[in-house]
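Below: one structure, written as C-alpha cells.
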Number of protein chains: 2
Amino acid sequence: MPHFADRLAALVEERRSRLVLGLDPDPAALWPVAIGRGAADGATAARAARAVERHCLAAIEAAAPSCVAAKLQFACFERLGAQGWLALEVVRDAARGSGLLVIADAKRGDVPVTSKAYAQALVGSTPTPFGVVEGFEADAFTASPLLGLDSLEPLIEGAARAGAGCFLLVSTSNPGAPDLQDLEAGGAPLHERIAQLVHEAGGEHVGECGLSLVGAVVGATRPERLARLRSLMPQAIFLLPGVGAQGGGTGALGPAFEPHPAAGLVAASRSIVDAYRERGGDPATAAAAVAQELRSATWNQ
Amino acid sequence: MPHFADRLAALVEERRSRLVLGLDPDPAALWPVAIGRGAADGATAARAARAVERHCLAAIEAAAPSCVAAKLQFACFERLGAQGWLALEVVRDAARGSGLLVIADAKRGDVPVTSKAYAQALVGSTPTPFGVVEGFEADAFTASPLLGLDSLEPLIEGAARAGAGCFLLVSTSNPGAPDLQDLEAGGAPLHERIAQLVHEAGGEHVGECGLSLVGAVVGATRPERLARLRSLMPQAIFLLPGVGAQGGGTGALGPAFEPHPAAGLVAASRSIVDAYRERGGDPATAAAAVAQELRSATWNQ
C-alpha cells in the first residue's frame with residue numbers, strides 16, 4: 001500500500017477537494033428515509049444499527065462527490081454495541097466504494113502494549129490460533145498524545161505498515177480545549193509542545209509529496225493559531241474539525257493549506273448532514289448542496 | 001443505583017480486597033483450555049472471540065475471589081471487531097456474576113457532543129426510533145482529560161446518573177508518560193494540574209463514604225508521587241495500574257489508601273493471568289495464588 005500522504009495528495013488533486021464528510025449519526029435524528037424502510041422485526045439495537053447504516057449511506061451518496069474522505073465518529077456507533085460495530089464496517093465499505101478515504105475518529109491512546117492492540121484494531125491484524133483476524137482497515141485514525149511518545153510509536157508504526165495516517169490531537173475544537181491544551185508548559189502552550197512532538201514523530205514518515213503520515217487535529221474554531229502551528233509542523237496534514245455546527249468558518253484556514261493542497265483537510269459533519277433542517281427540502285439535496293459549497297469555499301483559498 | 005464509591009466501599013470492606021483483575025486478552029497467548037475447546041467451524045473472528053471469552057471466564061473464575069473488580073481492556077477486544085464487542089459483553093456478565101464490579105478501560109475522550117455519545121455507550125442508553133438501546137452498563141470507565149472540563153462533563157454526568165465511576169488519566173504507568181504529563185505547566189507539573197481538575201470535577205459527586213465518583217488513574221510505577229497526588233485529590237479513588245508486568249511494586253502504595261480502604265484500587269493483569277508462565281503448572285492455579293498474594297500485599301498496608 002502506498003504512503004498515506006501520497007494517496008491523499010493524489011485524491012485531493014483529482015477531486016480538487018479537501019473536504020471530509022463527518023459521520024456522527026444520532027439514532028434519534030436520522031434522515032427520514034433511513035427510518036421508514038426499517039424492517040418490522042429484529043432486536044432494537046440491530047434495527048437501529050441498520051437505520052444508522054441507511055442514514056450514513058444516503059449521506060455518503062449525497063456528499064461524496066465533493067469530498068475526499070469520510071470521518072467516522074466511533075462513539076456514535078459504539079453506543080449500539082456489536083451492532084454498531086457492524087454498521088461501522090458497512091459504512092466504511094460504502095465510503096470506500098464512493099472513492100473516499102476512511103478516517104476512524106476514535107481518539108485512542110493508551111500505554112504501549114495497549115496501543116499496539118489499538119493499532120491492530122484500527123489498521124492492522126491480529127494473529128489468533130484460528131488464523132489472522134483483520135482489523136478495521138481504516139485509511140487513517142485519530143489518537144491522543146497524552147501518554148507520550150512511547151504510547152504513540154505502536155500506532156505510528158502500525159499506520160506506516162498499513163499505508164495509513166495517524167492524526168494526533170493538538171488543539172481541539174471545543175470551548176474547554178484551553179483548560180489543558182493552552183497551559184504554559186515549559187515556555188510554550190502545551191498544544192505547541194504537542195505540535196513539536198507531532199513534527200518529531202512524523203519526521204521519519206514523510207511521503208513523496210513532502211507530507212508525513214503523522215498529522216494533527218487542529219480545530220477550525222481557532223484559526224488565529226494556524227500560522228504558528230503550521231510553522232511548528234511544516235510536514236503535517238492538519239485535520240480541521242469544527243466548521244459549521246461548532247462555529248468554525250472556512251475563511252481563515254489558509255495557513256493550513258500552504259505547504260501542499262492536501263496539507264489541510266476540513267471536516268464538516270452536522271453542517272452537511274443536518275443542512276436540510278435549516279434549508280428545508282430533501283436531506284440529500286441539502287447535503288449535496290452544502291458539501292459542494294464547502295468544497296469550493298475551502299478549495300479556493 | 002447507589003453511588004459508585006459507596007458500592008465499591010461496601011465491596012472492599014466485605015472482601016477485604018482492593019485488587020482489580022485486569023483482562024487484556026491477547027488471542028495469540030490464551031490459556032490452553034480456552035483454545036482446545038474451540039468449535040471447528042465458524043469464521044475466524046468468531047472462533048477467536050469465543051476463545052477469548054473462555055480465557056477470560058477461566059481467569060475470572062480463578063482470580064475473582066481475591067478481587068473486587070475486573071478491568072476490561074477494550075483495545076484487546078476491539079481488535080476482533082463486532083465479535084470482540086460481543087465477547088466484552090459475555091466477559092462483563094461473567095465478572096458481574098462473580099460479584100465483581102466492571103471497569104471499562106477504554107480511555108475515551110472527545111468534544112462534548114461526542115463525549116455524550118461515549119457516555120451513552122459506556123454507562124447510559126441511546127434513544128432510537130425503535131426503542132431504547134442499552135449501553136455497555138459498566139460500573140466505571142477510564143477517560144482522558146486532554147480535551148478539558150467541558151469534554152468531561154457529559155461523561156461525569158452520565159456516570160452520576162448510572163451510579164458509575166469515571167477514572168481520569170492523571171499520571172500513567174508507561175515510561176513515556178513524563179513527555180507531556182510532567183511538563184511544567186503554570187507552576188506545577190501537568191499531571192498535578194490534571195489532579196486539580198479531577199478534584200474540582202469530583203467535588204459535586206461525593207458519596208456517603210466520602211469518596212467521589214470522579215477518580216484518577218495513577219500508575220503504580222511512580223509511587224513517590226502518590227503522597228502529593230493524594231493531597232491534591234483527597235476524595236478521589238486512585239486506580240493504580242502497572243503492578244507486576246510493568247514493573248510497579250505493591251510496597252509503597254500506602255498514600256493511595258489513606259483516606260479510606262477503598263480509596264485505592266490496584267490493577268494487575270498479566271502478573272495474574274500469565275503467572276503460570278513463570279511459576280509453571282496450571283494457569284488457573286497460578287492465577288488464583290498470585291491474586292491471593294496480591295490481595296494480601298495490597299490490603300495489609
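Here's how to read the names in the C-alpha cells: chain A, B, ... by the order shown, residue numbers from 1 in each chain, ligand numbers from 1 in the order shown.
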What's the 8 Å shell around stretch 117-123 of chain B, counting only C-alpha atoms, without same-chain residues fewer than 5 positions away, as an MDAnalysis selection string? (chainID A and resid 75:76 78:81) or (chainID B and resid 104 108 134:141 154:155 158:159 162 164)
Once you have the residues from the selection above, write them out as a PDB file, in the first residue's frame, restricted to N, CA and C atoms.
ATOM      1  N   ALA A  75     -17.674   6.840  18.498  1.00  0.00           N
ATOM      2  CA  ALA A  75     -18.568   6.914  19.669  1.00  0.00           C
ATOM      3  C   ALA A  75     -20.021   6.705  19.261  1.00  0.00           C
ATOM      4  N   CYS A  76     -20.382   7.286  18.120  1.00  0.00           N
ATOM      5  CA  CYS A  76     -21.783   7.268  17.716  1.00  0.00           C
ATOM      6  C   CYS A  76     -22.237   5.870  17.309  1.00  0.00           C
ATOM      7  N   GLU A  78     -20.502   3.041  18.587  1.00  0.00           N
ATOM      8  CA  GLU A  78     -20.278   2.168  19.754  1.00  0.00           C
ATOM      9  C   GLU A  78     -21.476   2.159  20.692  1.00  0.00           C
ATOM     10  N   ARG A  79     -22.264   3.224  20.655  1.00  0.00           N
ATOM     11  CA  ARG A  79     -23.409   3.225  21.576  1.00  0.00           C
ATOM     12  C   ARG A  79     -24.462   2.203  21.166  1.00  0.00           C
ATOM     13  N   LEU A  80     -24.296   1.599  19.992  1.00  0.00           N
ATOM     14  CA  LEU A  80     -25.175   0.499  19.586  1.00  0.00           C
ATOM     15  C   LEU A  80     -24.486  -0.865  19.756  1.00  0.00           C
ATOM     16  N   GLY A  81     -23.359  -0.892  20.452  1.00  0.00           N
ATOM     17  CA  GLY A  81     -22.699  -2.158  20.775  1.00  0.00           C
ATOM     18  C   GLY A  81     -22.180  -2.881  19.537  1.00  0.00           C
TER      19      GLY A  81
ATOM     20  N   ALA B 104     -14.669  -0.471  32.541  1.00  0.00           N
ATOM     21  CA  ALA B 104     -14.401  -0.417  31.098  1.00  0.00           C
ATOM     22  C   ALA B 104     -13.163   0.448  30.890  1.00  0.00           C
ATOM     23  N   ARG B 108     -11.594   6.880  26.807  1.00  0.00           N
ATOM     24  CA  ARG B 108     -12.246   7.737  25.841  1.00  0.00           C
ATOM     25  C   ARG B 108     -12.114   9.211  26.207  1.00  0.00           C
ATOM     26  N   GLU B 134     -29.669  -0.126  25.266  1.00  0.00           N
ATOM     27  CA  GLU B 134     -28.816  -0.016  26.445  1.00  0.00           C
ATOM     28  C   GLU B 134     -27.348  -0.040  26.036  1.00  0.00           C
ATOM     29  N   GLY B 135     -26.529   0.722  26.753  1.00  0.00           N
ATOM     30  CA  GLY B 135     -25.089   0.725  26.506  1.00  0.00           C
ATOM     31  C   GLY B 135     -24.410  -0.443  27.203  1.00  0.00           C
ATOM     32  N   PHE B 136     -23.120  -0.294  27.437  1.00  0.00           N
ATOM     33  CA  PHE B 136     -22.336  -1.404  27.979  1.00  0.00           C
ATOM     34  C   PHE B 136     -22.616  -1.661  29.455  1.00  0.00           C
ATOM     35  N   GLU B 137     -23.189  -0.668  30.116  1.00  0.00           N
ATOM     36  CA  GLU B 137     -23.565  -0.816  31.539  1.00  0.00           C
ATOM     37  C   GLU B 137     -22.366  -1.118  32.431  1.00  0.00           C
ATOM     38  N   ALA B 138     -21.264  -0.434  32.171  1.00  0.00           N
ATOM     39  CA  ALA B 138     -20.090  -0.583  33.036  1.00  0.00           C
ATOM     40  C   ALA B 138     -20.378   0.024  34.405  1.00  0.00           C
ATOM     41  N   ASP B 139     -19.675  -0.476  35.417  1.00  0.00           N
ATOM     42  CA  ASP B 139     -19.750   0.155  36.730  1.00  0.00           C
ATOM     43  C   ASP B 139     -18.831   1.372  36.803  1.00  0.00           C
ATOM     44  N   ALA B 140     -17.827   1.391  35.962  1.00  0.00           N
ATOM     45  CA  ALA B 140     -16.908   2.526  35.903  1.00  0.00           C
ATOM     46  C   ALA B 140     -16.156   2.441  34.578  1.00  0.00           C
ATOM     47  N   PHE B 141     -15.520   3.547  34.219  1.00  0.00           N
ATOM     48  CA  PHE B 141     -14.733   3.568  32.974  1.00  0.00           C
ATOM     49  C   PHE B 141     -13.573   4.532  33.140  1.00  0.00           C
ATOM     50  N   PRO B 154     -20.103  15.572  30.173  1.00  0.00           N
ATOM     51  CA  PRO B 154     -21.093  14.545  29.786  1.00  0.00           C
ATOM     52  C   PRO B 154     -20.743  13.158  30.313  1.00  0.00           C
ATOM     53  N   LEU B 155     -19.438  12.862  30.413  1.00  0.00           N
ATOM     54  CA  LEU B 155     -19.025  11.564  30.940  1.00  0.00           C
ATOM     55  C   LEU B 155     -19.328  11.474  32.431  1.00  0.00           C
ATOM     56  N   GLY B 158     -23.079  11.402  32.971  1.00  0.00           N
ATOM     57  CA  GLY B 158     -23.586  10.080  32.604  1.00  0.00           C
ATOM     58  C   GLY B 158     -23.266   9.055  33.677  1.00  0.00           C
ATOM     59  N   ALA B 159     -22.056   9.148  34.219  1.00  0.00           N
ATOM     60  CA  ALA B 159     -21.665   8.231  35.293  1.00  0.00           C
ATOM     61  C   ALA B 159     -22.544   8.458  36.524  1.00  0.00           C
ATOM     62  N   ALA B 162     -25.873   6.899  36.315  1.00  0.00           N
ATOM     63  CA  ALA B 162     -25.859   5.432  36.295  1.00  0.00           C
ATOM     64  C   ALA B 162     -25.313   4.833  37.590  1.00  0.00           C
ATOM     65  N   ALA B 164     -22.255   5.120  38.389  1.00  0.00           N
ATOM     66  CA  ALA B 164     -20.968   4.599  37.906  1.00  0.00           C
ATOM     67  C   ALA B 164     -19.835   5.549  38.285  1.00  0.00           C
TER      68      ALA B 164
END
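Shell of A:Val68 at 9 Å, with only C-alpha atoms counted and residues fewer than 4 places along the chain excluded, is Leu8, Leu11, Val12, Arg15, Arg16, Ser17, Arg18, Leu19, Val20, Leu21, Ala64, Gly99, Leu100, Leu101 and Leu265 of chain A.
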Pick out each residue of stretch 73-281 of chain B that DSSP on the backbone tags as helix (DSSP H, G or I); I need them as JSON, numbers by chain.
{"B": [74, 75, 76, 77, 78, 81, 82, 83, 84, 85, 86, 87, 88, 89, 90, 91, 92, 93, 94, 95, 96, 97, 112, 113, 114, 115, 116, 117, 118, 119, 120, 121, 122, 123, 149, 150, 151, 152, 153, 154, 155, 156, 157, 158, 159, 160, 161, 162, 178, 179, 180, 181, 190, 191, 192, 193, 194, 195, 196, 197, 198, 199, 200, 201, 202, 223, 224, 225, 226, 227, 228, 229, 230, 231, 232, 254, 255, 256, 257, 270, 271, 272, 273, 275, 276, 277, 278, 279]}
Atom CA of A:Gln301 and atom CA of A:Ala10 are how many Å apart?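 Distance between the two atoms: 18.7 Å.
All residues of stretch 182-292 of chain A that DSSP, run on the backbone, classes as strand (DSSP E) are Glu184, Ala185, Ala188, Pro189, Val214, Gly215, Ala216, Val217, Val218, Phe238, Leu239, Leu240, Gly264, Leu265, Val266, Ala267 and Ala268 of chain A.
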Quick one: write out the picked residues with N, CA and C atoms as a PDB file, in the first residue's frame?
ATOM      1  N   GLU A 184       0.646  27.105  29.909  1.00  0.00           N
ATOM      2  CA  GLU A 184       2.056  27.332  29.620  1.00  0.00           C
ATOM      3  C   GLU A 184       2.854  26.141  30.120  1.00  0.00           C
ATOM      4  N   ALA A 185       3.520  25.473  29.199  1.00  0.00           N
ATOM      5  CA  ALA A 185       4.228  24.235  29.563  1.00  0.00           C
ATOM      6  C   ALA A 185       5.653  24.322  29.057  1.00  0.00           C
ATOM      7  N   ALA A 188       6.079  27.329  26.463  1.00  0.00           N
ATOM      8  CA  ALA A 188       5.165  27.417  25.317  1.00  0.00           C
ATOM      9  C   ALA A 188       3.846  26.780  25.731  1.00  0.00           C
ATOM     10  N   PRO A 189       2.758  27.155  25.068  1.00  0.00           N
ATOM     11  CA  PRO A 189       1.495  26.479  25.402  1.00  0.00           C
ATOM     12  C   PRO A 189       1.622  24.975  25.135  1.00  0.00           C
ATOM     13  N   VAL A 214       2.062  11.278   9.973  1.00  0.00           N
ATOM     14  CA  VAL A 214       1.661  11.758  11.302  1.00  0.00           C
ATOM     15  C   VAL A 214       1.094  13.163  11.150  1.00  0.00           C
ATOM     16  N   GLY A 215      -0.198  13.271  11.316  1.00  0.00           N
ATOM     17  CA  GLY A 215      -0.883  14.539  11.158  1.00  0.00           C
ATOM     18  C   GLY A 215      -1.343  15.097  12.493  1.00  0.00           C
ATOM     19  N   ALA A 216      -2.112  16.180  12.429  1.00  0.00           N
ATOM     20  CA  ALA A 216      -2.539  16.893  13.634  1.00  0.00           C
ATOM     21  C   ALA A 216      -4.008  17.258  13.541  1.00  0.00           C
ATOM     22  N   VAL A 217      -4.731  17.023  14.634  1.00  0.00           N
ATOM     23  CA  VAL A 217      -6.097  17.542  14.732  1.00  0.00           C
ATOM     24  C   VAL A 217      -6.016  18.959  15.279  1.00  0.00           C
ATOM     25  N   VAL A 218      -6.458  19.905  14.478  1.00  0.00           N
ATOM     26  CA  VAL A 218      -6.404  21.324  14.846  1.00  0.00           C
ATOM     27  C   VAL A 218      -7.787  21.910  14.592  1.00  0.00           C
ATOM     28  N   PHE A 238      -3.072  18.719   8.486  1.00  0.00           N
ATOM     29  CA  PHE A 238      -3.976  19.184   9.536  1.00  0.00           C
ATOM     30  C   PHE A 238      -5.378  18.655   9.242  1.00  0.00           C
ATOM     31  N   LEU A 239      -5.964  18.014  10.224  1.00  0.00           N
ATOM     32  CA  LEU A 239      -7.374  17.641  10.154  1.00  0.00           C
ATOM     33  C   LEU A 239      -8.126  18.691  10.952  1.00  0.00           C
ATOM     34  N   LEU A 240      -8.991  19.437  10.264  1.00  0.00           N
ATOM     35  CA  LEU A 240      -9.601  20.637  10.829  1.00  0.00           C
ATOM     36  C   LEU A 240     -11.094  20.427  11.054  1.00  0.00           C
ATOM     37  N   GLY A 264      -4.168  20.315   4.441  1.00  0.00           N
ATOM     38  CA  GLY A 264      -5.250  20.595   5.376  1.00  0.00           C
ATOM     39  C   GLY A 264      -6.536  19.936   4.899  1.00  0.00           C
ATOM     40  N   LEU A 265      -7.182  19.215   5.793  1.00  0.00           N
ATOM     41  CA  LEU A 265      -8.467  18.576   5.495  1.00  0.00           C
ATOM     42  C   LEU A 265      -9.526  19.213   6.385  1.00  0.00           C
ATOM     43  N   VAL A 266     -10.590  19.682   5.783  1.00  0.00           N
ATOM     44  CA  VAL A 266     -11.657  20.337   6.539  1.00  0.00           C
ATOM     45  C   VAL A 266     -12.791  19.350   6.751  1.00  0.00           C
ATOM     46  N   ALA A 267     -13.065  19.059   8.019  1.00  0.00           N
ATOM     47  CA  ALA A 267     -14.112  18.095   8.342  1.00  0.00           C
ATOM     48  C   ALA A 267     -15.387  18.824   8.732  1.00  0.00           C
ATOM     49  N   ALA A 268     -16.469  18.453   8.086  1.00  0.00           N
ATOM     50  CA  ALA A 268     -17.772  19.023   8.415  1.00  0.00           C
ATOM     51  C   ALA A 268     -18.762  17.875   8.576  1.00  0.00           C
TER      52      ALA A 268
END
Close residues, A:Pro127 itself excluded, 7 Å, only C-alpha atoms, min 3 positions apart in chain, as a compact mmCIF listing (two decimals) with N, CA and C atoms, in the first residue's frame:
# COMPACT_ATOMS: atom_id res chain seq x y z
N GLY A 131 -6.26 -18.39 12.94
CA GLY A 131 -5.95 -17.62 11.75
C GLY A 131 -5.88 -16.14 12.10
N VAL A 132 -5.59 -15.34 11.08
CA VAL A 132 -5.42 -13.90 11.30
C VAL A 132 -6.78 -13.20 11.20
N VAL A 133 -7.05 -12.32 12.15
CA VAL A 133 -8.27 -11.51 12.09
C VAL A 133 -7.89 -10.10 11.64
N PRO B 27 -5.17 -12.78 21.81
CA PRO B 27 -5.62 -14.04 21.21
C PRO B 27 -4.47 -14.98 20.88
N ALA B 28 -3.26 -14.45 20.78
CA ALA B 28 -2.11 -15.30 20.48
C ALA B 28 -1.47 -15.88 21.75
Can you work out which one of B:Glu192, B:His205, B:Ala106, B:Gly247 has the shortest atom-to-atom distance to B:Ser231, counting only C-alpha atoms?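 Selected residue with least distance to B:Ser231: B:Glu192.
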Restricting to only C-alpha atoms, whichever of B:Thr221, B:Thr128, B:Asn300, B:Ser171 is closest to chain A is B:Thr128
